[in-house]
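The structure appears below as structure tokens.
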Amino acid sequence: DTEVTQTPKHLVMGMTNKKSLKCEQHMGHRAMYWYKQKAKKPPELMFVYSYEKLSINESVPSRFSPECPNSSLLNLHLHALQPEDSALYLCASSQVQGSGPQHFGDGTRLSIL
Amino acid sequence: DAKTTQPTSMDCAEGRAANLPCNHSTISGNEYVYWYRQIHSQGPQYIIHGLKNNETNEMASLIITEDRKSSTLILPHATLRDTAVYYCIVRGDGGSQGNLIFGKGTKLSVKP
């Protein structure tokens, strides 16, 4: 069982829809991460939050909008996505940014029609 | 880019030790070696990490060569549930230096 919970597990949306992915952890971690993983490829870092502030944006298109409402929650707001954005979106957390193990959720599998 | 080189795939018989190699010839003195694995349809799972010394936990052992240019992850008694992609990652400590940059990993298949 994972200590990082992601919802929903699966999401199908059209290119004009707006949806959000959610991630929650209750380990007291102060760093949270979003990764994107295309089929048969390794995960790629998208965003890093440290103490609820955006620390790293790896040149992600603005149709992906992250939000960290509090230290336990991380959202990824989606709008006007493209078919090539179909992927597994993974959330992770660690005690502090860039140090020690990261704990991953099982991801949201997103399909864009 | 990933700083490590791993074999694309490996097979292991159930109950035998699985030894997964990783080359990281450009590793810096303050960089750690981390191992994760990803079982199909799950997120990556942390296994073990080390700096210079060999490390062991309930999941695996990590052997780092004295020059730190390579390492080996050892699963002492592989089971079918150990079938996964195993990632060896070199990372610094703190801030963006500690970003996880995943390479292609090794697909380990444990066979009955």
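Chains: A, B, ... in order of the structure tokens. Residues: from 1 per chain. Ligands: from 1, in order shown.
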
Closest contacts (chain A/chain B, max 6 Å, only C-alpha atoms) as JSON lines:
{"residue": "A:Pro42", "atom": "CA", "partner": "B:Phe102", "partner_atom": "CA", "distance": 5.8}
{"residue": "A:Gln97", "atom": "CA", "partner": "B:Gly95", "partner_atom": "CA", "distance": 5.5}
{"residue": "A:Gly98", "atom": "CA", "partner": "B:Gly98", "partner_atom": "CA", "distance": 3.7}
{"residue": "A:Ser99", "atom": "CA", "partner": "B:Gly94", "partner_atom": "CA", "distance": 4.9}
{"residue": "A:Phe104", "atom": "CA", "partner": "B:Gly43", "partner_atom": "CA", "distance": 5.6}
{"residue": "A:Gly105", "atom": "CA", "partner": "B:Gly43", "partner_atom": "CA", "distance": 5.5}
{"residue": "A:Asp106", "atom": "CA", "partner": "B:Gly43", "partner_atom": "CA", "distance": 4.2}

Keeping only C-alpha atoms, write those residues as a PDB file, in the first residue's frame.
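Saved to again-v6.pdb:
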ATOM      1  CA  PRO A  42      10.767   6.567 -17.466  1.00  0.00           C
ATOM      2  CA  GLN A  97      13.109  19.009  -1.392  1.00  0.00           C
ATOM      3  CA  GLY A  98      15.764  16.969  -3.074  1.00  0.00           C
ATOM      4  CA  SER A  99      16.889  15.014  -0.047  1.00  0.00           C
ATOM      5  CA  PHE A 104       5.299   7.833  -4.970  1.00  0.00           C
ATOM      6  CA  GLY A 105       1.607   7.336  -5.478  1.00  0.00           C
ATOM      7  CA  ASP A 106       0.322   4.865  -8.051  1.00  0.00           C
TER       8      ASP A 106
END

Secondary structure check, strand (DSSP E) residues of chain A, as a PyMOL selection string: chain A and resi 4-7+10-13+18-25+31-37+44-50+53-57+64-70+73-79+87-94+103-104+108-112

Which residue is closest to Met27 of chain A? Choose from A:Val4, A:Cys91, A:Leu11, A:Lys53 and count only C-alpha atoms.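 When distances to Met27 of chain A are compared using only C-alpha atoms, the smallest one comes from A:Val4.
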
Spatial neighbours of Ile112 of chain A, max dist 12 Å, only C-alpha atoms, sep filter under 5 positions, as a tab-separated table (two decimals) with C-alpha atoms, in the first residue's frame:
chain	number	residue	atom	x	y	z
A	10	HIS	CA	-8.18	6.82	-14.35
A	11	LEU	CA	-9.43	9.88	-16.21
A	12	VAL	CA	-10.71	10.31	-19.74
A	13	MET	CA	-11.31	13.86	-20.94
A	14	GLY	CA	-11.85	15.80	-24.10
A	15	MET	CA	-9.51	18.50	-25.29
A	16	THR	CA	-11.88	21.26	-24.17
A	17	ASN	CA	-12.54	19.91	-20.69
A	18	LYS	CA	-11.18	21.20	-17.41
A	19	LYS	CA	-10.28	18.60	-14.80
A	78	LEU	CA	-5.73	20.49	-16.55
A	79	HIS	CA	-7.21	22.61	-19.34
A	80	ALA	CA	-7.19	22.37	-23.12
A	81	LEU	CA	-4.95	19.32	-23.16
A	82	GLN	CA	-3.69	17.67	-26.32
A	83	PRO	CA	-3.78	13.96	-27.23
A	84	GLU	CA	-0.02	13.76	-26.65
A	85	ASP	CA	-0.65	14.64	-23.00
A	86	SER	CA	-2.10	11.19	-22.48
A	87	ALA	CA	0.16	9.59	-19.87
A	88	LEU	CA	0.48	8.35	-16.31

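Between atom CA of Val110 of chain B and atom CA of Glu14 of chain B the interatomic distance comes to 5.7 Å.
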
If you measure from atom CA of Asn19 of chain B to atom CA of Glu31 of chain B, what distance in Å do you get, rounded to one decimal? 22.1 Å

Rounded to one decimal place, report the atom CA of Lys107 of chain B-atom CA of Arg37 of chain B distance in Å.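 Between atom CA of Lys107 of chain B and atom CA of Arg37 of chain B the gap works out to 9.3 Å.
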
Leaving out Lys3 of chain B and any residue of its chain fewer than 5 positions from it, which residues lie within 8 Å of it when counting only C-alpha atoms, given as a VMD selection string? chain B and resid 24 26 to 27 89 to 90 103

Closest of B:Thr5, B:His77, B:Leu51, B:Met59 to Gly29 of chain B, counting only C-alpha atoms, is B:Leu51

Which residues in chain B does DSSP call helix (DSSP H, G or I)? List them as a PyMOL selection string. chain B and resi 80-82+95-98

So which residues touch Asp82 of chain B within 8 Å, counting only C-alpha atoms, skipping near sequence neighbours fewer than 3 positions away, as a PyMOL selection string? chain B and resi 39+78-79+108-110

Export of prior selection with N, CA, C and O atoms as a PDB file, in the first residue's frame:
ATOM      1  N   ILE B  39       6.888  -1.649 -10.466  1.00  0.00           N
ATOM      2  CA  ILE B  39       6.100  -2.810 -10.855  1.00  0.00           C
ATOM      3  C   ILE B  39       4.985  -2.320 -11.768  1.00  0.00           C
ATOM      4  O   ILE B  39       4.473  -1.210 -11.595  1.00  0.00           O
ATOM      5  N   ALA B  78      15.023 -13.799  -5.047  1.00  0.00           N
ATOM      6  CA  ALA B  78      14.017 -13.179  -5.913  1.00  0.00           C
ATOM      7  C   ALA B  78      12.725 -14.001  -5.957  1.00  0.00           C
ATOM      8  O   ALA B  78      12.749 -15.233  -5.993  1.00  0.00           O
ATOM      9  N   THR B  79      11.611 -13.288  -5.960  1.00  0.00           N
ATOM     10  CA  THR B  79      10.308 -13.921  -6.129  1.00  0.00           C
ATOM     11  C   THR B  79       9.641 -13.357  -7.376  1.00  0.00           C
ATOM     12  O   THR B  79      10.100 -12.363  -7.942  1.00  0.00           O
ATOM     13  N   LEU B 108      13.710  -6.448 -15.010  1.00  0.00           N
ATOM     14  CA  LEU B 108      14.037  -7.741 -14.411  1.00  0.00           C
ATOM     15  C   LEU B 108      12.820  -8.656 -14.500  1.00  0.00           C
ATOM     16  O   LEU B 108      11.729  -8.287 -14.049  1.00  0.00           O
ATOM     17  N   SER B 109      13.033  -9.813 -15.087  1.00  0.00           N
ATOM     18  CA  SER B 109      11.975 -10.819 -15.167  1.00  0.00           C
ATOM     19  C   SER B 109      12.379 -11.997 -14.297  1.00  0.00           C
ATOM     20  O   SER B 109      13.410 -12.637 -14.559  1.00  0.00           O
ATOM     21  N   VAL B 110      11.602 -12.287 -13.273  1.00  0.00           N
ATOM     22  CA  VAL B 110      11.849 -13.432 -12.417  1.00  0.00           C
ATOM     23  C   VAL B 110      10.962 -14.578 -12.913  1.00  0.00           C
ATOM     24  O   VAL B 110       9.747 -14.430 -13.011  1.00  0.00           O
TER      25      VAL B 110
END

Contacts of segment 69-73 of chain B at 6 Å (only C-alpha atoms; same-chain gap of 4+ positions) as a list in words: Asn19, Leu20, Pro21, Cys22, Asn23, His24, Ser25, Ser61, Leu62, Ile63, Ile64 and Thr65 of chain B

Can you write just those residues out, all heavy atoms, as an mmCIF file, in the first residue's frame?
data_model
loop_
_atom_site.group_PDB
_atom_site.id
_atom_site.type_symbol
_atom_site.label_atom_id
_atom_site.label_comp_id
_atom_site.auth_asym_id
_atom_site.auth_seq_id
_atom_site.Cartn_x
_atom_site.Cartn_y
_atom_site.Cartn_z
ATOM 1 N N ASN B 19 21.231 -9.984 -9.244
ATOM 2 C CA ASN B 19 22.290 -8.972 -9.128
ATOM 3 C C ASN B 19 22.156 -7.989 -10.287
ATOM 4 O O ASN B 19 22.403 -8.346 -11.439
ATOM 5 C CB ASN B 19 23.669 -9.638 -9.178
ATOM 6 C CG ASN B 19 23.904 -10.560 -7.997
ATOM 7 O OD1 ASN B 19 24.236 -10.127 -6.906
ATOM 8 N ND2 ASN B 19 23.688 -11.849 -8.217
ATOM 9 N N LEU B 20 21.771 -6.771 -9.971
ATOM 10 C CA LEU B 20 21.532 -5.771 -11.007
ATOM 11 C C LEU B 20 22.670 -4.747 -10.993
ATOM 12 O O LEU B 20 22.837 -4.017 -10.020
ATOM 13 C CB LEU B 20 20.193 -5.074 -10.791
ATOM 14 C CG LEU B 20 18.949 -5.943 -11.006
ATOM 15 C CD1 LEU B 20 18.526 -6.620 -9.733
ATOM 16 C CD2 LEU B 20 17.812 -5.107 -11.572
ATOM 17 N N PRO B 21 23.435 -4.660 -12.097
ATOM 18 C CA PRO B 21 24.565 -3.730 -12.143
ATOM 19 C C PRO B 21 24.165 -2.338 -12.608
ATOM 20 O O PRO B 21 23.160 -2.171 -13.316
ATOM 21 C CB PRO B 21 25.494 -4.397 -13.165
ATOM 22 C CG PRO B 21 24.552 -5.066 -14.116
ATOM 23 C CD PRO B 21 23.353 -5.498 -13.302
ATOM 24 N N CYS B 22 24.991 -1.371 -12.237
ATOM 25 C CA CYS B 22 24.783 0.011 -12.659
ATOM 26 C C CYS B 22 26.140 0.691 -12.759
ATOM 27 O O CYS B 22 26.952 0.600 -11.836
ATOM 28 C CB CYS B 22 23.900 0.737 -11.646
ATOM 29 S SG CYS B 22 23.570 2.468 -12.049
ATOM 30 N N ASN B 23 26.398 1.339 -13.865
ATOM 31 C CA ASN B 23 27.615 2.118 -14.039
ATOM 32 C C ASN B 23 27.319 3.608 -13.881
ATOM 33 O O ASN B 23 26.348 4.117 -14.460
ATOM 34 C CB ASN B 23 28.233 1.867 -15.411
ATOM 35 C CG ASN B 23 28.874 0.508 -15.511
ATOM 36 O OD1 ASN B 23 29.461 0.035 -14.554
ATOM 37 N ND2 ASN B 23 28.750 -0.138 -16.650
ATOM 38 N N HIS B 24 28.140 4.270 -13.109
ATOM 39 C CA HIS B 24 27.997 5.726 -12.902
ATOM 40 C C HIS B 24 29.382 6.320 -12.782
ATOM 41 O O HIS B 24 29.771 6.830 -11.732
ATOM 42 C CB HIS B 24 27.124 6.042 -11.687
ATOM 43 C CG HIS B 24 27.209 5.049 -10.564
ATOM 44 N ND1 HIS B 24 28.245 4.999 -9.656
ATOM 45 C CD2 HIS B 24 26.358 4.061 -10.224
ATOM 46 C CE1 HIS B 24 28.032 4.031 -8.792
ATOM 47 N NE2 HIS B 24 26.903 3.431 -9.103
ATOM 48 N N SER B 25 30.115 6.273 -13.885
ATOM 49 C CA SER B 25 31.543 6.633 -13.879
ATOM 50 C C SER B 25 31.786 8.114 -13.634
ATOM 51 O O SER B 25 32.907 8.497 -13.272
ATOM 52 C CB SER B 25 32.188 6.206 -15.196
ATOM 53 O OG SER B 25 31.526 6.827 -16.285
ATOM 54 N N SER B 61 20.326 -5.404 -0.834
ATOM 55 C CA SER B 61 21.655 -4.923 -0.474
ATOM 56 C C SER B 61 22.205 -4.101 -1.629
ATOM 57 O O SER B 61 21.915 -4.397 -2.802
ATOM 58 C CB SER B 61 22.600 -6.091 -0.179
ATOM 59 O OG SER B 61 22.183 -6.791 0.966
ATOM 60 N N LEU B 62 22.978 -3.086 -1.291
ATOM 61 C CA LEU B 62 23.613 -2.227 -2.285
ATOM 62 C C LEU B 62 25.112 -2.307 -2.075
ATOM 63 O O LEU B 62 25.603 -1.988 -0.978
ATOM 64 C CB LEU B 62 23.126 -0.782 -2.138
ATOM 65 C CG LEU B 62 23.808 0.268 -3.017
ATOM 66 C CD1 LEU B 62 23.633 -0.041 -4.486
ATOM 67 C CD2 LEU B 62 23.260 1.653 -2.691
ATOM 68 N N ILE B 63 25.806 -2.722 -3.124
ATOM 69 C CA ILE B 63 27.261 -2.810 -3.085
ATOM 70 C C ILE B 63 27.819 -1.733 -3.995
ATOM 71 O O ILE B 63 27.511 -1.702 -5.196
ATOM 72 C CB ILE B 63 27.755 -4.195 -3.560
ATOM 73 C CG1 ILE B 63 27.040 -5.311 -2.804
ATOM 74 C CG2 ILE B 63 29.271 -4.297 -3.418
ATOM 75 C CD1 ILE B 63 27.282 -5.306 -1.313
ATOM 76 N N ILE B 64 28.619 -0.821 -3.439
ATOM 77 C CA ILE B 64 29.229 0.271 -4.204
ATOM 78 C C ILE B 64 30.726 0.009 -4.268
ATOM 79 O O ILE B 64 31.360 -0.238 -3.235
ATOM 80 C CB ILE B 64 28.936 1.636 -3.550
ATOM 81 C CG1 ILE B 64 27.425 1.865 -3.433
ATOM 82 C CG2 ILE B 64 29.578 2.767 -4.357
ATOM 83 C CD1 ILE B 64 27.038 3.130 -2.669
ATOM 84 N N THR B 65 31.292 0.064 -5.467
ATOM 85 C CA THR B 65 32.733 -0.174 -5.595
ATOM 86 C C THR B 65 33.516 0.930 -4.896
ATOM 87 O O THR B 65 33.014 2.037 -4.679
ATOM 88 C CB THR B 65 33.143 -0.255 -7.071
ATOM 89 O OG1 THR B 65 32.759 0.969 -7.734
ATOM 90 C CG2 THR B 65 32.460 -1.432 -7.758
#

Skip Ser71 of chain A itself and residues of its chain fewer than 5 positions away, then list as a list in words all residues within 10 Å of it, counting only C-alpha atoms. Glu24, Gln25, His26, Met27, Gly28, His29, Arg30, Ala31, Met32, Tyr49, Ser50, Tyr51, Glu52 and Lys53 of chain A

Quick one: write out the picked residues with all heavy atoms as a tab-separated table (two decimals), in the first residue's frame?
chain	number	residue	atom	x	y	z
A	24	GLU	N	-2.49	13.38	-2.15
A	24	GLU	CA	-2.54	13.64	-0.71
A	24	GLU	C	-1.52	12.76	0.01
A	24	GLU	O	-1.35	11.58	-0.32
A	24	GLU	CB	-3.94	13.35	-0.19
A	24	GLU	CG	-4.20	13.79	1.23
A	24	GLU	CD	-5.68	13.74	1.58
A	24	GLU	OE1	-6.50	13.32	0.75
A	24	GLU	OE2	-6.03	14.14	2.71
A	25	GLN	N	-0.83	13.34	0.98
A	25	GLN	CA	0.08	12.57	1.83
A	25	GLN	C	-0.05	13.09	3.26
A	25	GLN	O	-0.26	14.28	3.47
A	25	GLN	CB	1.54	12.67	1.33
A	25	GLN	CG	2.10	14.07	1.22
A	25	GLN	CD	2.75	14.61	2.47
A	25	GLN	OE1	3.03	13.85	3.43
A	25	GLN	NE2	3.03	15.90	2.51
A	26	HIS	N	0.08	12.18	4.21
A	26	HIS	CA	-0.02	12.55	5.63
A	26	HIS	C	1.21	12.07	6.39
A	26	HIS	O	1.11	11.62	7.53
A	26	HIS	CB	-1.30	11.96	6.23
A	26	HIS	CG	-2.55	12.54	5.64
A	26	HIS	ND1	-2.96	13.83	5.90
A	26	HIS	CD2	-3.45	12.02	4.77
A	26	HIS	CE1	-4.08	14.07	5.24
A	26	HIS	NE2	-4.40	13.00	4.55
A	27	MET	N	2.37	12.20	5.72
A	27	MET	CA	3.63	11.80	6.34
A	27	MET	C	4.38	13.02	6.89
A	27	MET	O	5.51	12.87	7.36
A	27	MET	CB	4.50	11.06	5.31
A	27	MET	CG	3.89	9.74	4.88
A	27	MET	SD	4.86	8.89	3.62
A	27	MET	CE	4.39	9.84	2.16
A	28	GLY	N	3.77	14.20	6.79
A	28	GLY	CA	4.44	15.41	7.26
A	28	GLY	C	5.53	15.89	6.33
A	28	GLY	O	6.37	16.71	6.72
A	29	HIS	N	5.53	15.38	5.10
A	29	HIS	CA	6.54	15.79	4.13
A	29	HIS	C	6.29	17.22	3.66
A	29	HIS	O	5.14	17.63	3.48
A	29	HIS	CB	6.54	14.84	2.92
A	29	HIS	CG	7.06	13.48	3.25
A	29	HIS	ND1	7.02	12.43	2.35
A	29	HIS	CD2	7.65	12.99	4.37
A	29	HIS	CE1	7.57	11.36	2.91
A	29	HIS	NE2	7.95	11.68	4.13
A	30	ARG	N	7.38	17.98	3.42
A	30	ARG	CA	7.23	19.38	3.04
A	30	ARG	C	7.59	19.61	1.57
A	30	ARG	O	7.63	20.75	1.12
A	30	ARG	CB	8.06	20.27	3.94
A	30	ARG	CG	7.68	20.15	5.42
A	30	ARG	CD	6.18	20.17	5.68
A	30	ARG	NE	5.56	21.41	5.27
A	30	ARG	CZ	5.42	22.48	6.07
A	30	ARG	NH1	5.88	22.44	7.30
A	30	ARG	NH2	4.84	23.57	5.62
A	31	ALA	N	7.91	18.57	0.84
A	31	ALA	CA	8.17	18.67	-0.59
A	31	ALA	C	7.25	17.70	-1.33
A	31	ALA	O	7.08	16.56	-0.91
A	31	ALA	CB	9.62	18.34	-0.91
A	32	MET	N	6.67	18.21	-2.42
A	32	MET	CA	5.78	17.37	-3.23
A	32	MET	C	6.10	17.60	-4.70
A	32	MET	O	6.53	18.69	-5.09
A	32	MET	CB	4.32	17.65	-2.92
A	32	MET	CG	3.96	17.31	-1.47
A	32	MET	SD	2.21	17.46	-1.08
A	32	MET	CE	1.56	15.96	-1.86
A	49	TYR	N	7.17	21.37	-5.43
A	49	TYR	CA	6.74	22.31	-4.41
A	49	TYR	C	7.54	22.05	-3.15
A	49	TYR	O	7.73	20.91	-2.72
A	49	TYR	CB	5.25	22.15	-4.10
A	49	TYR	CG	4.36	22.97	-4.99
A	49	TYR	CD1	4.01	22.51	-6.26
A	49	TYR	CD2	3.89	24.21	-4.58
A	49	TYR	CE1	3.21	23.28	-7.10
A	49	TYR	CE2	3.08	24.98	-5.40
A	49	TYR	CZ	2.75	24.51	-6.66
A	49	TYR	OH	1.96	25.26	-7.49
A	50	SER	N	8.01	23.15	-2.56
A	50	SER	CA	8.74	23.07	-1.30
A	50	SER	C	8.08	24.03	-0.32
A	50	SER	O	7.97	25.23	-0.59
A	50	SER	CB	10.21	23.45	-1.51
A	50	SER	OG	10.91	23.43	-0.30
A	51	TYR	N	7.63	23.50	0.81
A	51	TYR	CA	6.91	24.31	1.80
A	51	TYR	C	5.79	25.10	1.14
A	51	TYR	O	5.65	26.32	1.36
A	51	TYR	CB	7.89	25.21	2.56
A	51	TYR	CG	8.80	24.44	3.47
A	51	TYR	CD1	10.02	23.94	3.01
A	51	TYR	CD2	8.44	24.20	4.80
A	51	TYR	CE1	10.85	23.21	3.85
A	51	TYR	CE2	9.27	23.47	5.64
A	51	TYR	CZ	10.47	22.98	5.17
A	51	TYR	OH	11.29	22.25	5.99
A	52	GLU	N	5.03	24.41	0.33
A	52	GLU	CA	3.83	24.92	-0.34
A	52	GLU	C	4.10	25.99	-1.39
A	52	GLU	O	3.17	26.61	-1.92
A	52	GLU	CB	2.78	25.47	0.65
A	52	GLU	CG	2.21	24.38	1.55
A	52	GLU	CD	2.76	24.47	2.97
A	52	GLU	OE1	2.39	25.39	3.69
A	52	GLU	OE2	3.58	23.60	3.33
A	53	LYS	N	5.36	26.21	-1.72
A	53	LYS	CA	5.69	27.18	-2.76
A	53	LYS	C	6.30	26.46	-3.96
A	53	LYS	O	7.11	25.54	-3.79
A	53	LYS	CB	6.66	28.24	-2.23
A	53	LYS	CG	6.06	29.13	-1.15
A	53	LYS	CD	6.99	30.28	-0.84
A	53	LYS	CE	6.48	31.10	0.35
A	53	LYS	NZ	5.11	31.59	0.12

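With only C-alpha atoms as the atoms that count, the minimum distance from Lys22 of chain A to the choices A:Val48, A:His77, A:Val60, A:Val96 is reached by A:His77.
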